[in-house]
Amino acid sequence: MSLEIKICGLSTLETLDAALGAGADMVGVVFFAPSPRNVDLATARRLAGHARGVGAHARVAALTVDAEDEALAAIVEAVRPDLLQLHGRETPERVAAVRARFGLPVMKAVGIATRADLGRLGAYEGVADRLLLDAKAPKGAALPGGNGVPFDWALLSGLELRVPYMLSGGLDPSNVGAALRLARPSGVDVSSGVESAPGLKDPARIEAFIRAARAAESEAREAGTHEITGRPADPNPAGDGLPSQPDEPCVVTVLNSFRTGPDENGHFGIFGGRFVAETLMPLILDLQKAYEEAKADPAYKAEMDAGLKHYVGRPSPLYYAERFTEHLRAGAGEGLGAKVYFKREELNHTGSHKVNNVLGQILLARRMGKERIIAETGAGQHGVATATLCARYGLKCVVYMGALDVARQAPNVFRMKMLGAEVVPVEAGAKTLKDAMNEALRDWVTNVHDTFYCIGTVAGPHPYPAMVRDFQSVIGNETREQMMEAEGRLPDSLIACIGGGSNAMGLFHPFLDDPSVKIWGVEAAGHGIPSGEHAASLTGGRPGVLHGNRTYLLMDDDGQIIEAHSISAGLDYPGIGPEHAWLHDTGRATYISATDKEALAAFQLVSKLEGIIPALEPAHALAKVIELAPTLPREHLMVVNLSGRGDKDIPQVAEILGTKI
């Protein structure tokens with residue numbers, strides 16, 4: 001993971017371009033009237049739009065000081081920041097409320113003067129997405145930060161936090177290297193240290209600061225000393241009913257590439273790993289060994305490629321959604337309205353992206369001599385894909401599905417049975433995807449000798465998250481080639497829905513090392529984050545352990561899993577893949593959320609405009625396209641992963657809309 005550099009307090013396009021051109025990872029606008037860096041909403045909107053329009057990878061942070069909800073709502077509406085920076089006296093409870101209300105990552109600034117101040121940091125772990133350690137403002141100071149005053153960075157030596165932290169306070173081109181050597185933060189934030197006068201940024205100083213910080217980062221990496229010393233939270237079985245295998249402790253090691261990972265123990269930073277019953281460890285290790293051997297075998301690759309081409313029907317088209325694009329442009333300002341492409345995974349055999357991964361795993365199961373396949377499913381698409389490939393290769397298939405999902409996804413249940421699969425309704429818990437996965441894991445523990453567990457998403461114990469990602473990366477690899485053919489360049493942004501996150505990771509992963517490509521993941525906000533009835537674990541959750549890996553989960557104060565809710569059975573899961581958790585914490589991808597109501601509206605709109613009925617899952621991503629595309633320049637190229645078709649959802653949507661079939 002690279003050092004993150006933030007230039008804060010920008011107020012002009014000239015200095016914004018200087019920051020972006022020099023390689024800033026984050027730019028900040030200040031909403032605090034006493035500050036000489038304060039900007040109005042119109043200026044901030046113009047700056048944020050420009051930052052996105054030039055194709056820069058930098059994220060936009062909005063800094064506020066003890067702002068009320070009304071003011072924050074106006075900022076979010078006008079600027080659409082990637083992150084809210086709270087720089088006042090906000091309590092942990094207030095930080096949690098802001099995070100839940102607005103569905104955006106939050107960075108909380110904490111003033112540091114003595115070692116005693118470090119004791120306050122723990123209260124914000126698991127509440128804020130990251131911390132900003134700044135010099136404590138002296139008594140009577142007009143500003144809570146931006147005073148150009150450093151603190152003793154040596155206080156941070158050996159600091160262990162469970163969230164990333166950035167360093168601020170008196171940084172400038174001359175001292176940022178020393179600060180990095182002493183504190184080893186995940187990022188640095190500078191404002192007054194690159195100014196020629198209060199509020200007036202100096203492009204030359206901005207460039208010098210970023211150059212000095214990068215030089216210090218390179219020096220540390222060459223010396224092998226640059227690592228983020230945050231430690232993971234204590235493992236928590238989180239009520240999955242299975243014993244837990246102690247995982248290896250880990251340090252979040254700096255990687256040279258976002259596409260590097262996981263490490264040998266299956267960690268993406270502090271996430272991932274392997275927490276399984278003792279009886280499963282030999283199977284997990286055998287699976288890992290078999291997958292490594294298969295990847296190196298040209299015969300396996302040839303069989304996989306042939307199956308994708310002749311059975312699945314790949315490559316799937318990259319389709320310019322012309323009428324959808326024009327509709328969104330009609331309501332946008334002059335020169336605004338991104339050009340939207342659909343990556344049409346719903347045209348694959350079985351109707352979604354799921355078949356890409358299932359083909360790879362079924363071929364692997366055959367290499368391992370397994371004749372019985374088990375799977376979990378929510379919306380039924382993974383179950384259908386597994387049943388289909390088992391029929392193709394003559395394997396016994398058992399699919400676990402929550403009883404609630406069995407009822408709301410009746411067409412897919414019938415398809416699975418037609419294909420010869422046994423569908424087992426799970427009556428435990430909320431009767432949804434989490435409970436189906438619990439039962440599948442119990443089956444696997446009981447039938448270790450002849451059974452292969454085909455997991456449908458980028459979750460579970462190592463090597464599943466990386467293996468499923470690898471199989472799904474065909475989506476992003478094709479998108480790269482198709483976009484170059486269609487437009488002669490890479491897309492400016494990617495967007496996909498997130499449940500466990502396999503369709504999104506398949507699109508995102510091949511672009512992770514392309515900083516010009518903005519990445520948005522869309523979680524299911526259900527009835528709204530404040531309601532508590534949602535499936536947005538990154539927005540409303542915290543790190544814990546479930547289903548064999550450490551990731552963000554929806555949990556109560558006692559560490560017990562909270563039931564998720566979404567109109568979409570495929571997103572109705574209280575966790576997320578560990579690589580997504582890592583991308584969230586490092587800031588490489590931005591995760592937002594869409595409600596049931598927004599997804600339903602997008603489902604109907606796209607059906608009428610494009611003659612394509614999307615599944616309710618990608619309808620969540622389409623809902624955010626409807627929101628984001630009109631704020632972006634017309635030359636902006638946006639790709640949304642249309643991960644499944646909506647045939648399966650017709651009975652459910654008809655009932656919601658009051659139509660009798």
# chains A, B, ... in the order shown; residues from 1 in each chain; ligands from 1
$ residues_around --residues "range 468-470 of chain A" --least-positions-apart "4" --cutoff "7 Å" --atoms "only C-alpha atoms" --output "ChimeraX atom specification"
/A:357,457-458,464,502,505-506
$ write_last_selection --atoms "N, CA and C atoms" --output "PDB file, in the first residue's frame"
ATOM      1  N   ASN A 357     -17.007 -18.039 -12.027  1.00  0.00           N
ATOM      2  CA  ASN A 357     -16.342 -18.626 -10.872  1.00  0.00           C
ATOM      3  C   ASN A 357     -16.683 -20.107 -10.723  1.00  0.00           C
ATOM      4  N   THR A 457     -18.778 -16.244  -3.557  1.00  0.00           N
ATOM      5  CA  THR A 457     -18.334 -14.852  -3.516  1.00  0.00           C
ATOM      6  C   THR A 457     -16.914 -14.765  -2.996  1.00  0.00           C
ATOM      7  N   VAL A 458     -16.367 -13.527  -2.954  1.00  0.00           N
ATOM      8  CA  VAL A 458     -14.964 -13.335  -2.579  1.00  0.00           C
ATOM      9  C   VAL A 458     -14.832 -13.270  -1.063  1.00  0.00           C
ATOM     10  N   TYR A 464     -10.240 -18.970  -0.758  1.00  0.00           N
ATOM     11  CA  TYR A 464     -11.438 -18.622  -1.523  1.00  0.00           C
ATOM     12  C   TYR A 464     -11.496 -17.167  -1.998  1.00  0.00           C
ATOM     13  N   SER A 502     -18.218 -10.365  -5.418  1.00  0.00           N
ATOM     14  CA  SER A 502     -17.434 -11.026  -6.467  1.00  0.00           C
ATOM     15  C   SER A 502     -17.577 -10.342  -7.819  1.00  0.00           C
ATOM     16  N   MET A 505     -15.396  -7.195  -7.555  1.00  0.00           N
ATOM     17  CA  MET A 505     -13.966  -7.472  -7.555  1.00  0.00           C
ATOM     18  C   MET A 505     -13.510  -7.952  -8.924  1.00  0.00           C
ATOM     19  N   GLY A 506     -14.368  -8.689  -9.613  1.00  0.00           N
ATOM     20  CA  GLY A 506     -14.010  -9.123 -10.960  1.00  0.00           C
ATOM     21  C   GLY A 506     -13.812  -7.962 -11.910  1.00  0.00           C
TER      22      GLY A 506
END
$ closest_atom_pairs --of "range 42-132 of chain A" --to "range 321-337 of chain A" --cutoff "12 Å" --atoms "only C-alpha atoms" --output "tab-separated table"
residue	atom	partner	partner_atom	distance
A:Arg46	CA	A:Leu336	CA	12.0
A:Gly49	CA	A:Leu336	CA	9.6
A:His50	CA	A:Leu336	CA	11.1
A:Arg52	CA	A:Leu336	CA	11.6
A:Gly53	CA	A:Leu336	CA	9.5
$ residues_around --residues "range 567-569 of chain A" --least-positions-apart "4" --cutoff "9 Å" --atoms "only C-alpha atoms" --output "JSON, numbers by chain"
{"A": [377, 378, 379, 380, 404, 405, 408, 409, 432, 433, 524, 526, 527, 573, 595, 596, 597, 599, 600, 615, 616, 617, 620, 649]}
$ select_by_dssp --residues "range 442-505 of chain A" --states "helix (DSSP H, G or I)" --output "PyMOL selection string"
chain A and resi 442-446+464-472+474-487+502-505
$ write_last_selection --atoms "C-alpha atoms" --output "mmCIF file, in the first residue's frame"
data_model
loop_
_atom_site.group_PDB
_atom_site.id
_atom_site.type_symbol
_atom_site.label_atom_id
_atom_site.label_comp_id
_atom_site.auth_asym_id
_atom_site.auth_seq_id
_atom_site.Cartn_x
_atom_site.Cartn_y
_atom_site.Cartn_z
ATOM 1 C CA ARG A 442 -21.566 -27.533 8.678
ATOM 2 C CA ASP A 443 -22.184 -29.925 5.787
ATOM 3 C CA TRP A 444 -18.570 -29.576 4.698
ATOM 4 C CA VAL A 445 -17.290 -30.364 8.205
ATOM 5 C CA THR A 446 -19.438 -33.509 8.235
ATOM 6 C CA TYR A 464 -11.438 -18.622 -1.523
ATOM 7 C CA PRO A 465 -11.385 -14.783 -1.640
ATOM 8 C CA ALA A 466 -8.388 -14.703 -3.990
ATOM 9 C CA MET A 467 -9.465 -17.740 -5.999
ATOM 10 C CA VAL A 468 -12.980 -16.430 -6.692
ATOM 11 C CA ARG A 469 -11.490 -13.018 -7.536
ATOM 12 C CA ASP A 470 -9.130 -14.620 -10.038
ATOM 13 C CA PHE A 471 -11.962 -16.458 -11.770
ATOM 14 C CA GLN A 472 -14.109 -13.314 -11.911
ATOM 15 C CA VAL A 474 -12.231 -12.117 -16.689
ATOM 16 C CA ILE A 475 -14.853 -9.347 -16.393
ATOM 17 C CA GLY A 476 -12.323 -6.566 -15.878
ATOM 18 C CA ASN A 477 -9.790 -7.989 -18.301
ATOM 19 C CA GLU A 478 -12.394 -8.030 -21.072
ATOM 20 C CA THR A 479 -13.554 -4.533 -20.116
ATOM 21 C CA ARG A 480 -10.025 -3.162 -20.550
ATOM 22 C CA GLU A 481 -9.746 -4.581 -24.055
ATOM 23 C CA GLN A 482 -13.274 -3.619 -25.073
ATOM 24 C CA MET A 483 -12.972 -0.054 -23.804
ATOM 25 C CA MET A 484 -9.681 0.431 -25.636
ATOM 26 C CA GLU A 485 -11.389 -0.815 -28.794
ATOM 27 C CA ALA A 486 -14.483 1.376 -28.307
ATOM 28 C CA GLU A 487 -12.904 4.587 -26.996
ATOM 29 C CA SER A 502 -17.434 -11.026 -6.467
ATOM 30 C CA ASN A 503 -18.920 -9.209 -9.461
ATOM 31 C CA ALA A 504 -17.368 -5.956 -8.265
ATOM 32 C CA MET A 505 -13.966 -7.472 -7.555
#
$ select_by_dssp --residues "range 511-643 of chain A" --states "strand (DSSP E)" --output "VMD selection string"
chain A and resid 518 to 526 542 to 546 549 to 553 590 to 595 637 to 642
$ write_last_selection --atoms "C-alpha atoms" --output "PDB file, in the first residue's frame"
ATOM      1  CA  LYS A 518     -12.061   5.876 -10.077  1.00  0.00           C
ATOM      2  CA  ILE A 519     -13.740   2.902  -8.392  1.00  0.00           C
ATOM      3  CA  TRP A 520     -17.144   2.899  -6.677  1.00  0.00           C
ATOM      4  CA  GLY A 521     -18.717  -0.057  -4.871  1.00  0.00           C
ATOM      5  CA  VAL A 522     -22.399   0.192  -3.960  1.00  0.00           C
ATOM      6  CA  GLU A 523     -23.719  -1.536  -0.856  1.00  0.00           C
ATOM      7  CA  ALA A 524     -27.382  -2.191  -0.093  1.00  0.00           C
ATOM      8  CA  ALA A 525     -28.769   0.506   2.229  1.00  0.00           C
ATOM      9  CA  GLY A 526     -32.116  -1.295   2.594  1.00  0.00           C
ATOM     10  CA  ARG A 542     -16.883  -2.858  12.018  1.00  0.00           C
ATOM     11  CA  PRO A 543     -14.142  -5.511  11.764  1.00  0.00           C
ATOM     12  CA  GLY A 544     -14.846  -9.000  13.064  1.00  0.00           C
ATOM     13  CA  VAL A 545     -14.702 -12.648  12.014  1.00  0.00           C
ATOM     14  CA  LEU A 546     -17.402 -14.593  10.171  1.00  0.00           C
ATOM     15  CA  ASN A 549     -12.305 -14.626   7.444  1.00  0.00           C
ATOM     16  CA  ARG A 550     -11.840 -11.260   9.116  1.00  0.00           C
ATOM     17  CA  THR A 551     -13.713  -8.428   7.444  1.00  0.00           C
ATOM     18  CA  TYR A 552     -16.255  -5.687   8.106  1.00  0.00           C
ATOM     19  CA  LEU A 553     -19.466  -7.066   9.625  1.00  0.00           C
ATOM     20  CA  THR A 590     -14.932   4.310  -2.507  1.00  0.00           C
ATOM     21  CA  TYR A 591     -17.962   2.524  -1.091  1.00  0.00           C
ATOM     22  CA  ILE A 592     -21.393   4.147  -1.102  1.00  0.00           C
ATOM     23  CA  SER A 593     -24.901   2.761  -0.681  1.00  0.00           C
ATOM     24  CA  ALA A 594     -28.323   2.706  -2.345  1.00  0.00           C
ATOM     25  CA  THR A 595     -31.677   2.067  -0.700  1.00  0.00           C
ATOM     26  CA  LEU A 637     -16.433   7.216 -19.379  1.00  0.00           C
ATOM     27  CA  MET A 638     -18.262   5.160 -16.753  1.00  0.00           C
ATOM     28  CA  VAL A 639     -18.639   1.358 -16.787  1.00  0.00           C
ATOM     29  CA  VAL A 640     -21.307  -0.290 -14.635  1.00  0.00           C
ATOM     30  CA  ASN A 641     -21.291  -4.040 -14.154  1.00  0.00           C
ATOM     31  CA  LEU A 642     -24.716  -5.370 -15.098  1.00  0.00           C
TER      32      LEU A 642
END
$ atom_distance --atom1 "CA of Gly111 in chain A" --atom2 "CA of Leu131 in chain A"
10.4 Å
$ residues_around --residues "Thr15 in chain A" --least-positions-apart "5" --cutoff "8 Å" --atoms "only C-alpha atoms" --output "ChimeraX atom specification"
/A:10,201-203
$ write_last_selection --atoms "C-alpha atoms" --output "mmCIF file, in the first residue's frame"
data_model
loop_
_atom_site.group_PDB
_atom_site.id
_atom_site.type_symbol
_atom_site.label_atom_id
_atom_site.label_comp_id
_atom_site.auth_asym_id
_atom_site.auth_seq_id
_atom_site.Cartn_x
_atom_site.Cartn_y
_atom_site.Cartn_z
ATOM 1 C CA LEU A 10 -7.611 24.187 -1.606
ATOM 2 C CA LYS A 201 -1.449 27.710 -1.630
ATOM 3 C CA ASP A 202 1.896 27.829 -3.457
ATOM 4 C CA PRO A 203 2.095 25.357 -6.389
#
$ atom_distance --atom1 "CA of Met166 in chain A" --atom2 "CA of Ala62 in chain A"
15.5 Å
$ closest_residue --among "A:Ala623, A:Leu86, A:Ile210, A:Leu419" --to "Asp25 in chain A" --atoms "only C-alpha atoms"
A:Ile210
$ residues_around --residues "Arg211 in chain A" --least-positions-apart "3" --cutoff "9 Å" --atoms "only C-alpha atoms" --output "PyMOL selection string"
chain A and resi 22-23+173+206-208+214-216
$ closest_atom_pairs --of "range 424-520 of chain A" --to "range 362-369 of chain A" --cutoff "8 Å" --atoms "only C-alpha atoms" --output "CSV"
residue,atom,partner,partner_atom,distance
A:Asp450,CA,A:Gly369,CA,8.0
A:Phe452,CA,A:Ala365,CA,6.3
A:Cys454,CA,A:Ile362,CA,7.6
